[in-house]
Amino acid sequence: MVDKNDALFREVEEELRREQFAKLWQRFGTYFIVLAIAVVAVVAGSQLWEARRIANANAAGAEYEAASALLASGKTEDALKAFEAISAGGPRGYATLARLAEAGAYLKQDKRPEALAVFDALAADASADPLLTNFARMQAAALRLGEADFTEMENRLKPLTADDSPWRFTARELLGSAALKAGKLDEARAVLTPLLADPGLGQSAGERIHRLMARLATAELAGAPAASPTASAPAASAPAQDAETPAPAP
């Protein structure tokens, strides 16, 4: 008897649930359908966007490789046009790399003002990768070494000399070179001396610092400003978190 009552109660409960569900569906069924369609649309749109993003990135990568091949083969003007097209309409990462390559192509043609303009524009681009914008800022400073006064060089390089900056070694080396050239011997020694005690300083960079310190000591002994030839100024030529960054190169 108890089992029959339990079965009856379950049937009644199930019937009530069906009636409640039917009432809810009559009241809110349209909303459920719209919500389901919206979810499907969002998922499909997301997948389509991702597919297009990957396709665009692959296409930009192929275009960048083709432009680099043109540059390597000596077709600098054609390479410049290709890099400009990528920087104007390519995905953000490749666009930034194309701008750096564009500046390198200008340097290969010995068009320093054009290269400087590209580096300065990229350095001021808040939407680009900070690592690359700081690299561009340092390259611009390297191009200005020998022409700019110490104040300009300090303004350009000071943000790059922080202890957590991947470009700190080259930035400090450039700043010390600028101070030495300007006859600011105390500033030069304050910037350069700590580099020699830094375990992260690479061998070639260390050799350059020693040469700068030798010129600094000579200037101090002579009691006169020391001129630092532009040709000896260090700078980075490719994005790398390495202390041994070479002189500006196309």
# chains A, B, ... in the order shown; residues from 1 in each chain; ligands from 1

$ residues_around --residues "Asp120 (chain A)" --least-positions-apart "4" --cutoff "8 Å" --atoms "only C-alpha atoms" --output "NGL selection string"
:A and (116 or 124 or 136-137 or 140)

$ residues_around --residues "Ile86 (chain A)" --least-positions-apart "4" --cutoff "12 Å" --atoms "only C-alpha atoms" --output "list in words"
Asn56, Ala57, Ala59, Ala60, Gly61, Ala62, Glu63, Tyr64, Glu65, Ala66, Ala67, Ser68, Ala79, Leu80, Lys81, Ala82, Gly90, Pro91, Arg92, Gly93, Tyr94, Ala95, Thr96, Leu97, Ala98, Arg99, Leu100, Ala101 and Glu102 of chain A

$ closest_residue --among "A:Ala190, A:Leu180, A:Ala171, A:Ala85" --to "Ala205 (chain A)" --atoms "only C-alpha atoms"
A:Ala171

$ atom_distance --atom1 "CA of Leu160 (chain A)" --atom2 "CA of Asn134 (chain A)"
7.1 Å

$ closest_residue --among "A:Ala142, A:Lys158, A:Gly104, A:Gln203" --to "Ser177 (chain A)" --atoms "only C-alpha atoms"
A:Ala142
